[in-house]
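Peer 1: I am sharing work35.csv, which consists of CSV, C-alpha atoms:
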```
chain,number,residue,atom,x,y,z
A,3,ASP,CA,-75.1,40.9,106.6
A,4,MET,CA,-73.7,43.7,104.4
A,5,ALA,CA,-71.4,41.3,102.7
A,6,ARG,CA,-74.3,39.0,101.8
A,7,SER,CA,-76.6,41.9,100.8
A,8,PHE,CA,-74.1,43.3,98.3
A,9,ASP,CA,-72.9,40.0,97.0
A,10,PRO,CA,-74.6,40.0,93.5
A,11,LEU,CA,-76.0,36.7,92.4
A,12,GLU,CA,-76.9,35.5,88.9
A,13,ASN,CA,-80.4,36.4,87.9
A,14,LYS,CA,-82.6,36.8,84.8
A,15,TYR,CA,-83.2,40.6,85.3
A,16,THR,CA,-79.7,42.1,85.8
A,17,ASP,CA,-76.3,41.6,84.3
A,18,VAL,CA,-73.9,41.1,87.2
A,19,SER,CA,-70.9,40.0,85.2
A,20,LYS,CA,-68.9,43.2,86.1
A,21,VAL,CA,-69.4,42.9,89.9
A,22,LYS,CA,-69.9,39.1,90.3
A,23,GLY,CA,-68.1,37.8,93.3
A,24,LEU,CA,-67.6,41.2,94.9
A,25,THR,CA,-69.0,42.2,98.3
A,26,VAL,CA,-68.2,45.4,100.2
A,27,PRO,CA,-65.1,47.4,101.2
A,28,LYS,CA,-63.3,46.3,104.4
A,29,ILE,CA,-63.4,48.9,107.2
A,30,THR,CA,-61.4,48.3,110.4
A,31,GLU,CA,-60.3,50.5,113.3
A,32,ALA,CA,-57.1,51.1,111.3
A,33,THR,CA,-58.8,52.5,108.2
A,34,THR,CA,-58.0,56.2,107.7
A,35,GLU,CA,-60.0,58.8,105.8
A,36,ASP,CA,-57.5,58.7,103.0
A,37,MET,CA,-57.7,54.9,102.8
A,38,ALA,CA,-61.5,55.0,102.8
A,39,ARG,CA,-61.4,57.2,99.7
A,40,ASN,CA,-59.8,54.4,97.7
A,41,ASN,CA,-61.2,51.3,99.2
A,42,PRO,CA,-62.4,48.8,96.6
A,43,ARG,CA,-64.9,46.1,97.3
A,44,LEU,CA,-63.4,42.8,98.5
A,45,THR,CA,-64.0,39.6,96.6
A,46,ARG,CA,-66.2,37.1,98.3
A,47,ASP,CA,-63.4,34.8,99.5
A,48,GLU,CA,-61.4,37.8,100.8
A,49,MET,CA,-64.3,39.1,102.7
A,50,PHE,CA,-65.2,35.8,104.4
A,51,GLU,CA,-61.5,35.2,105.2
A,52,PHE,CA,-61.6,38.5,107.0
A,53,ILE,CA,-64.9,37.7,108.7
A,54,PHE,CA,-63.8,34.3,109.9
A,55,GLN,CA,-60.5,35.7,111.2
A,56,ASP,CA,-62.5,38.2,113.3
A,57,LEU,CA,-64.8,35.5,114.5
A,58,ASN,CA,-61.9,33.2,115.4
A,59,ASP,CA,-60.4,36.0,117.4
A,60,ALA,CA,-63.7,36.5,119.2
A,61,GLU,CA,-63.9,32.8,119.9
A,62,THR,CA,-60.5,32.9,121.5
A,63,CYS,CA,-61.3,35.9,123.6
A,64,LEU,CA,-64.6,34.5,124.8
A,65,ALA,CA,-63.4,30.9,125.4
A,66,ASN,CA,-63.6,31.2,129.3
A,67,PHE,CA,-66.1,34.0,129.5
A,68,THR,CA,-69.5,33.6,131.1
A,69,PRO,CA,-71.9,36.4,130.1
A,70,GLY,CA,-73.9,38.0,133.0
A,71,ALA,CA,-76.9,38.7,130.8
A,72,LYS,CA,-78.6,37.5,127.6
A,73,ASN,CA,-77.7,40.6,125.7
A,74,ILE,CA,-73.9,40.1,126.3
A,75,PRO,CA,-72.0,38.4,123.5
A,76,SER,CA,-70.9,34.8,124.2
A,77,LEU,CA,-69.4,31.8,122.4
A,78,ALA,CA,-72.9,30.9,121.3
A,79,VAL,CA,-73.2,34.2,119.4
A,80,VAL,CA,-69.8,33.5,117.7
A,81,TYR,CA,-70.9,30.0,116.6
A,82,GLY,CA,-74.2,31.4,115.4
A,83,LEU,CA,-72.5,34.0,113.2
A,84,LYS,CA,-70.1,31.4,111.8
A,85,ALA,CA,-73.0,29.1,111.0
A,86,ARG,CA,-74.8,31.9,109.3
A,87,ALA,CA,-71.7,32.7,107.2
A,88,TYR,CA,-71.2,29.1,106.2
A,89,LEU,CA,-74.9,28.8,105.3
A,90,TRP,CA,-74.4,31.6,102.8
A,91,LEU,CA,-71.3,30.0,101.4
A,92,GLY,CA,-73.0,26.7,100.9
A,93,GLY,CA,-75.0,28.2,98.1
A,94,PHE,CA,-71.9,28.4,95.9
A,95,ASP,CA,-70.1,25.7,94.0
A,96,GLU,CA,-68.0,23.2,95.9
A,97,GLY,CA,-64.2,24.0,95.9
A,98,LEU,CA,-64.6,27.5,94.6
A,99,TYR,CA,-61.9,28.9,96.9
A,100,GLU,CA,-58.8,27.5,98.5
A,101,GLU,CA,-59.2,29.0,102.0
A,102,VAL,CA,-63.0,29.4,102.3
A,103,PRO,CA,-65.3,26.4,102.1
A,104,THR,CA,-68.3,26.4,99.8
A,105,GLY,CA,-71.0,24.0,98.7
A,106,ASN,CA,-71.3,20.8,100.7
A,107,ALA,CA,-68.3,21.6,102.9
A,108,ALA,CA,-69.8,24.9,103.9
A,109,TYR,CA,-73.2,23.4,104.8
A,110,ALA,CA,-71.4,20.7,106.8
A,111,LYS,CA,-69.5,23.4,108.7
A,112,ALA,CA,-72.8,25.2,109.4
A,113,ALA,CA,-74.4,22.0,110.7
A,114,GLU,CA,-71.4,21.4,113.1
A,115,LEU,CA,-71.8,24.9,114.6
A,116,ASP,CA,-75.6,24.8,114.7
A,117,VAL,CA,-75.8,23.0,118.0
A,118,LYS,CA,-79.4,24.0,118.7
A,119,GLY,CA,-80.6,22.9,115.3
A,120,SER,CA,-82.2,26.3,114.5
A,121,LYS,CA,-80.7,26.3,111.0
A,122,THR,CA,-81.3,22.6,110.2
A,123,LYS,CA,-84.2,23.2,107.9
A,124,ASP,CA,-82.3,25.8,105.9
A,125,ILE,CA,-79.2,23.6,105.7
A,126,LYS,CA,-81.2,20.6,104.5
A,127,ALA,CA,-82.9,22.8,101.9
A,128,GLY,CA,-79.5,24.0,100.7
A,129,LEU,CA,-78.1,20.5,100.4
A,130,GLU,CA,-81.2,19.3,98.5
A,131,GLY,CA,-80.8,22.2,96.1
A,132,ILE,CA,-77.2,21.3,95.5
A,133,ALA,CA,-78.0,17.6,94.9
A,134,LYS,CA,-80.8,18.6,92.5
A,135,LYS,CA,-78.5,20.9,90.6
A,136,TYR,CA,-75.7,18.3,90.2
A,137,GLN,CA,-78.2,15.6,89.2
A,138,GLU,CA,-79.7,17.8,86.5
A,139,GLU,CA,-76.3,18.7,85.2
A,140,ALA,CA,-75.4,15.0,85.1
A,141,TYR,CA,-78.3,14.2,82.9
A,142,ASN,CA,-77.5,17.1,80.7
A,143,GLN,CA,-73.9,15.8,80.3
A,144,TYR,CA,-75.1,12.3,79.6
A,145,ALA,CA,-77.5,13.6,76.9
A,146,PHE,CA,-74.5,15.2,75.2
A,147,THR,CA,-72.6,11.9,75.6
A,148,ASN,CA,-70.1,13.3,78.1
A,149,VAL,CA,-70.1,10.3,80.3
A,150,LYS,CA,-67.1,11.5,82.4
A,151,GLY,CA,-68.9,14.7,83.3
A,152,ALA,CA,-72.1,12.9,83.9
A,153,SER,CA,-70.3,10.5,86.3
A,154,GLU,CA,-68.7,13.3,88.2
A,155,ASN,CA,-72.0,15.1,88.7
A,156,PHE,CA,-74.0,12.0,89.7
A,157,GLU,CA,-71.4,11.4,92.3
A,158,LYS,CA,-71.5,15.0,93.6
A,159,ALA,CA,-75.3,14.7,93.8
A,160,ALA,CA,-75.1,11.6,95.9
A,161,LYS,CA,-72.5,13.1,98.2
A,162,ALA,CA,-74.6,16.3,98.7
A,163,SER,CA,-77.5,14.1,99.7
A,164,ALA,CA,-75.3,12.2,102.1
A,165,THR,CA,-74.0,15.3,103.9
A,166,ALA,CA,-75.4,15.8,107.4
A,167,PRO,CA,-77.9,16.9,108.4
A,168,LEU,CA,-79.7,15.8,105.2
A,169,SER,CA,-78.0,12.4,105.5
A,170,LYS,CA,-79.9,10.7,102.6
A,171,VAL,CA,-78.5,7.6,100.9
A,172,ASP,CA,-78.9,8.4,97.2
A,173,SER,CA,-78.5,4.9,95.8
A,174,LEU,CA,-79.7,5.7,92.3
A,175,ASN,CA,-77.1,8.5,91.8
A,176,TYR,CA,-74.3,6.3,93.1
A,177,TYR,CA,-75.4,3.6,90.6
A,178,ASN,CA,-75.6,6.2,87.8
A,179,ALA,CA,-72.1,7.5,88.7
A,180,GLY,CA,-70.8,3.9,88.4
A,181,PHE,CA,-72.6,3.1,85.2
A,182,THR,CA,-71.4,6.3,83.4
A,183,ALA,CA,-67.9,5.7,84.7
A,184,TRP,CA,-68.1,2.1,83.4
A,185,ALA,CA,-69.4,3.5,80.0
A,186,GLY,CA,-66.4,5.8,79.9
A,187,ALA,CA,-64.0,3.0,80.6
A,188,ASP,CA,-63.0,4.5,84.0
A,189,ALA,CA,-62.7,1.1,85.8
A,190,GLU,CA,-61.4,2.5,89.1
A,191,LYS,CA,-64.2,5.0,89.5
A,192,ALA,CA,-66.8,2.5,88.3
A,193,LEU,CA,-65.5,0.0,90.9
A,194,GLU,CA,-65.7,2.6,93.6
A,195,MET,CA,-69.3,3.6,92.9
A,196,PHE,CA,-70.5,0.0,92.3
A,197,ASN,CA,-68.9,-1.1,95.5
A,198,LYS,CA,-70.7,1.8,97.2
A,199,CYS,CA,-74.0,0.4,95.8
A,200,TYR,CA,-73.0,-3.0,97.1
A,201,GLU,CA,-72.3,-1.7,100.6
A,202,ILE,CA,-75.7,0.1,100.9
A,203,GLY,CA,-77.5,-3.0,99.5
A,204,TYR,CA,-78.6,-1.4,96.2
A,205,TYR,CA,-78.1,-3.9,93.3
A,206,ASN,CA,-80.3,-2.4,90.6
A,207,GLU,CA,-82.6,-4.3,88.3
A,208,ASP,CA,-81.7,-8.0,88.1
A,209,GLY,CA,-78.6,-7.5,90.2
A,210,GLU,CA,-76.8,-5.5,87.6
A,211,VAL,CA,-74.3,-4.3,90.2
A,212,PHE,CA,-73.0,-7.8,90.7
A,213,SER,CA,-72.6,-8.2,87.0
A,214,LYS,CA,-70.8,-5.0,86.5
A,215,LEU,CA,-68.5,-5.7,89.5
A,216,GLY,CA,-67.7,-9.1,88.2
A,217,GLU,CA,-66.9,-7.7,84.8
A,218,ILE,CA,-64.6,-5.1,86.2
A,219,TYR,CA,-62.8,-7.5,88.5
A,220,LEU,CA,-62.2,-9.9,85.5
A,221,SER,CA,-60.8,-7.0,83.5
A,222,LYS,CA,-58.4,-6.4,86.3
A,223,LYS,CA,-57.4,-10.0,86.3
A,224,ASP,CA,-58.8,-10.5,89.8
A,225,GLY,CA,-60.6,-13.8,89.3
A,226,ASP,CA,-61.1,-14.5,93.0
A,227,SER,CA,-63.0,-11.3,93.6
A,228,ALA,CA,-64.9,-11.7,90.3
A,229,VAL,CA,-66.2,-15.2,91.1
A,230,LYS,CA,-67.0,-14.4,94.6
A,231,ILE,CA,-69.2,-11.4,93.7
A,232,LEU,CA,-70.8,-13.2,90.7
A,233,GLU,CA,-71.7,-16.3,92.7
A,234,GLU,CA,-73.2,-14.1,95.4
A,235,GLY,CA,-75.2,-12.2,92.8
A,236,PHE,CA,-76.3,-15.5,91.1
A,237,SER,CA,-77.6,-16.8,94.4
A,238,LYS,CA,-79.7,-13.6,94.8
A,239,TYR,CA,-80.7,-13.3,91.1
A,240,PRO,CA,-80.6,-16.7,89.5
A,241,GLN,CA,-82.7,-15.3,86.6
A,242,SER,CA,-80.0,-12.7,85.7
A,243,GLN,CA,-78.5,-13.5,82.3
A,244,SER,CA,-75.7,-10.9,82.7
A,245,ILE,CA,-74.5,-12.5,86.0
A,246,LEU,CA,-74.9,-16.0,84.5
A,247,ILE,CA,-72.8,-15.1,81.4
A,248,GLY,CA,-70.2,-13.5,83.7
A,249,LEU,CA,-69.9,-16.7,85.6
A,250,ILE,CA,-69.7,-18.8,82.5
A,251,ASN,CA,-67.0,-16.6,81.1
A,252,TYR,CA,-65.0,-16.8,84.3
A,253,TYR,CA,-65.1,-20.6,84.5
A,254,ILE,CA,-64.3,-21.0,80.8
A,255,GLY,CA,-61.3,-18.7,81.2
A,256,SER,CA,-60.1,-20.1,84.5
A,257,LYS,CA,-60.7,-23.8,83.6
A,258,SER,CA,-61.0,-24.4,87.3
A,259,ASN,CA,-64.4,-26.1,87.8
A,260,THR,CA,-65.8,-27.9,84.8
A,261,ASP,CA,-68.7,-29.3,86.8
A,262,ARG,CA,-69.8,-25.8,87.8
A,263,LEU,CA,-69.4,-24.7,84.2
A,264,PHE,CA,-71.6,-27.4,82.8
A,265,SER,CA,-74.2,-26.7,85.5
A,266,LEU,CA,-74.2,-23.0,84.5
A,267,LEU,CA,-74.5,-23.9,80.8
A,268,ASP,CA,-77.5,-26.0,81.7
A,269,GLU,CA,-79.0,-23.0,83.5
A,270,ALA,CA,-78.3,-20.9,80.4
A,271,LYS,CA,-80.2,-23.4,78.2
A,272,LYS,CA,-83.2,-23.3,80.5
A,273,ASN,CA,-83.3,-19.5,80.4
A,274,GLU,CA,-82.8,-19.4,76.7
A,275,PRO,CA,-83.9,-22.7,75.2
A,276,ASN,CA,-83.5,-21.5,71.6
```
Please rewrite the model in this file as structure tokens.

Peer 2:
Amino acid sequence: DMARSFDPLENKYTDVSKVKGLTVPKITEATTEDMARNNPRLTRDEMFEFIFQDLNDAETCLANFTPGAKNIPSLAVVYGLKARAYLWLGGFDEGLYEEVPTGNAAYAKAAELDVKGSKTKDIKAGLEGIAKKYQEEAYNQYAFTNVKGASENFEKAAKASATAPLSKVDSLNYYNAGFTAWAGADAEKALEMFNKCYEIGYYNEDGEVFSKLGEIYLSKKDGDSAVKILEEGFSKYPQSQSILIGLINYYIGSKSNTDRLFSLLDEAKKNEPN
């Protein structure tokens, strides 16, 4: 609790730049009076490494212990304290430290340890906050034409929503991650995100996911995958011009089925008679 209480967070009232990321000094049974006189505050990751080491030791010691009363420490207390620590760390950016999880990873750890579900509401709220932050940043990046940054943040938003116990399928942000990756010519990431949309059954307006997947497969010279996904998309969205054009381009390029090509050209004329 002291580490959290003295961990200064960004705010609009106080400049915390000189102490940002610092918690409290470490005091152990081995700390002497002379050591205490020059005992600087530990960084956040150093402090929580120390806390988790202590809690891991406690977990080992209490592994086969059955408390005789409710006011005696037990494994449940250890797990509760760990969950509380991870809940705090979840409020910081993902991957901030090498040894201490933050962001989604920390919230996921908290959920694993919260066997009674007493912290579920707080964990869900934290994950929703992360997803919202990443989504807002993604739209900001997109507004400044940084499609790579936008794609990364849309994906992070979707993954935050998918993290248990929130466990929401954020289909729109997966699509946006794919679309901005496609716009930035990152075919592999676009393929991954559009395939994710396909897996969860989200095809966007007029089956645009099918069209984009077909286009990417064709660019990768994977004609079999392209025609398969485009034909499936056309069966679901026969009015889609982008899917229809993708199929026409495939059959013109492959010269494999002229009957199908002429049939598609007839469909195109019906959709665009002029």

Peer 1: Separation of atom CA of A:Leu249 and atom CA of A:Thr182, in Å?

Peer 2: 23.2 Å

Peer 1: Point out the residue among A:Val229, A:Asn73, A:Asp56, A:Thr16 with the least atom-to-atom distance to A:Thr30, counting all atoms listed in the file.

Peer 2: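 Among A:Val229, A:Asn73, A:Asp56, A:Thr16, it is A:Asp56 that comes nearest to A:Thr30.
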
Peer 1: Ranking A:Thr45, A:Asn197, A:Ser256, A:Gln243 by minimum distance to A:Gly225 and counting all atoms listed in the file, which one comes first?

Peer 2: A:Ser256

Peer 1: Which residue gives the smallest distance to A:Ser173 among A:Asp268, A:Glu157, A:Asp36, A:Glu114, with all atoms listed in the file counted?

Peer 2: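 Smallest separation from A:Ser173 among the options: A:Glu157.
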
Peer 1: At a cut-off of 9 Å from (-71.2, 52.0, 102.3) in the coordinates of the file, what residues are picked up using all atoms listed in the file, written as a ChimeraX atom specification?

Peer 2: /A:4,26-27

Peer 1: Calculate how many Å separate atom CA of A:Phe50 from atom CA of A:Leu129, rounding to one decimal.

Peer 2: 20.4 Å

Peer 1: Determine the nearest neighbour of A:Leu89 from the options A:Ala162, A:Cys199, A:Ala127, A:Leu267, counting only C-alpha atoms.

Peer 2: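 So, comparing all the options, the nearest one is A:Ala127.
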
Peer 1: Using only C-alpha atoms, which of A:Gly255, A:Gly235, A:Gly70, A:Gly248 sits nearest A:Val211?

Peer 2: A:Gly235

Peer 1: Can you tell me, as a list in words, what residues are no more than 12 Å from A:Phe8 when counting only C-alpha atoms, ignoring any on the same chain fewer than 4 positions away?

Peer 2: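 The residues that qualify are Asp3, Met4, Val18, Val21, Lys22, Gly23, Leu24, Thr25, Val26, Pro27, Arg43, Leu44, Thr45, Arg46 and Met49 of chain A.
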
Peer 1: Limited to C-alpha atoms, could you put the picked residues into a file as a CSV table (one decimal), in the coordinates of the input?

Peer 2:
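Ended up saving to out.csv:
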```csv
chain,number,residue,atom,x,y,z
A,3,ASP,CA,-75.1,40.9,106.6
A,4,MET,CA,-73.7,43.7,104.4
A,18,VAL,CA,-73.9,41.1,87.2
A,21,VAL,CA,-69.4,42.9,89.9
A,22,LYS,CA,-69.9,39.1,90.3
A,23,GLY,CA,-68.1,37.8,93.3
A,24,LEU,CA,-67.6,41.2,94.9
A,25,THR,CA,-69.0,42.2,98.3
A,26,VAL,CA,-68.2,45.4,100.2
A,27,PRO,CA,-65.1,47.4,101.2
A,43,ARG,CA,-64.9,46.1,97.3
A,44,LEU,CA,-63.4,42.8,98.5
A,45,THR,CA,-64.0,39.6,96.6
A,46,ARG,CA,-66.2,37.1,98.3
A,49,MET,CA,-64.3,39.1,102.7
```

Peer 1: From the block I gave, I'd like stretch 122-137 of chain A written with N, CA and C atoms, as a CSV table (one decimal), in the first residue's frame.

Peer 2:
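The resulting file, part-v6.csv, is reproduced below:
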```
chain,number,residue,atom,x,y,z
A,122,THR,N,-13.1,-8.6,-9.8
A,122,THR,CA,-13.5,-8.7,-11.2
A,122,THR,C,-14.0,-7.4,-11.8
A,123,LYS,N,-14.8,-6.7,-11.0
A,123,LYS,CA,-15.3,-5.4,-11.5
A,123,LYS,C,-14.2,-4.4,-11.7
A,124,ASP,N,-13.2,-4.3,-10.8
A,124,ASP,CA,-12.1,-3.4,-11.0
A,124,ASP,C,-11.2,-3.8,-12.2
A,125,ILE,N,-11.0,-5.1,-12.3
A,125,ILE,CA,-10.2,-5.6,-13.4
A,125,ILE,C,-10.8,-5.2,-14.8
A,126,LYS,N,-12.1,-5.5,-14.9
A,126,LYS,CA,-12.9,-5.2,-16.1
A,126,LYS,C,-12.8,-3.7,-16.4
A,127,ALA,N,-13.0,-2.9,-15.4
A,127,ALA,CA,-12.9,-1.4,-15.6
A,127,ALA,C,-11.5,-1.0,-16.0
A,128,GLY,N,-10.5,-1.6,-15.5
A,128,GLY,CA,-9.2,-1.3,-15.9
A,128,GLY,C,-8.9,-1.6,-17.4
A,129,LEU,N,-9.4,-2.8,-17.8
A,129,LEU,CA,-9.2,-3.3,-19.2
A,129,LEU,C,-10.0,-2.4,-20.1
A,130,GLU,N,-11.2,-2.0,-19.7
A,130,GLU,CA,-12.0,-1.1,-20.6
A,130,GLU,C,-11.3,0.3,-20.7
A,131,GLY,N,-10.6,0.7,-19.6
A,131,GLY,CA,-9.9,2.0,-19.7
A,131,GLY,C,-8.7,1.9,-20.7
A,132,ILE,N,-8.0,0.8,-20.6
A,132,ILE,CA,-6.9,0.5,-21.5
A,132,ILE,C,-7.3,0.5,-23.0
A,133,ALA,N,-8.4,-0.2,-23.2
A,133,ALA,CA,-9.0,-0.3,-24.6
A,133,ALA,C,-9.4,1.0,-25.1
A,134,LYS,N,-10.0,1.8,-24.3
A,134,LYS,CA,-10.4,3.2,-24.7
A,134,LYS,C,-9.2,4.0,-25.0
A,135,LYS,N,-8.2,4.0,-24.2
A,135,LYS,CA,-7.0,4.8,-24.4
A,135,LYS,C,-6.3,4.4,-25.7
A,136,TYR,N,-6.2,3.1,-26.0
A,136,TYR,CA,-5.5,2.7,-27.2
A,136,TYR,C,-6.4,3.1,-28.4
A,137,GLN,N,-7.7,3.0,-28.3
A,137,GLN,CA,-8.5,3.4,-29.4
A,137,GLN,C,-8.4,4.8,-29.7
```
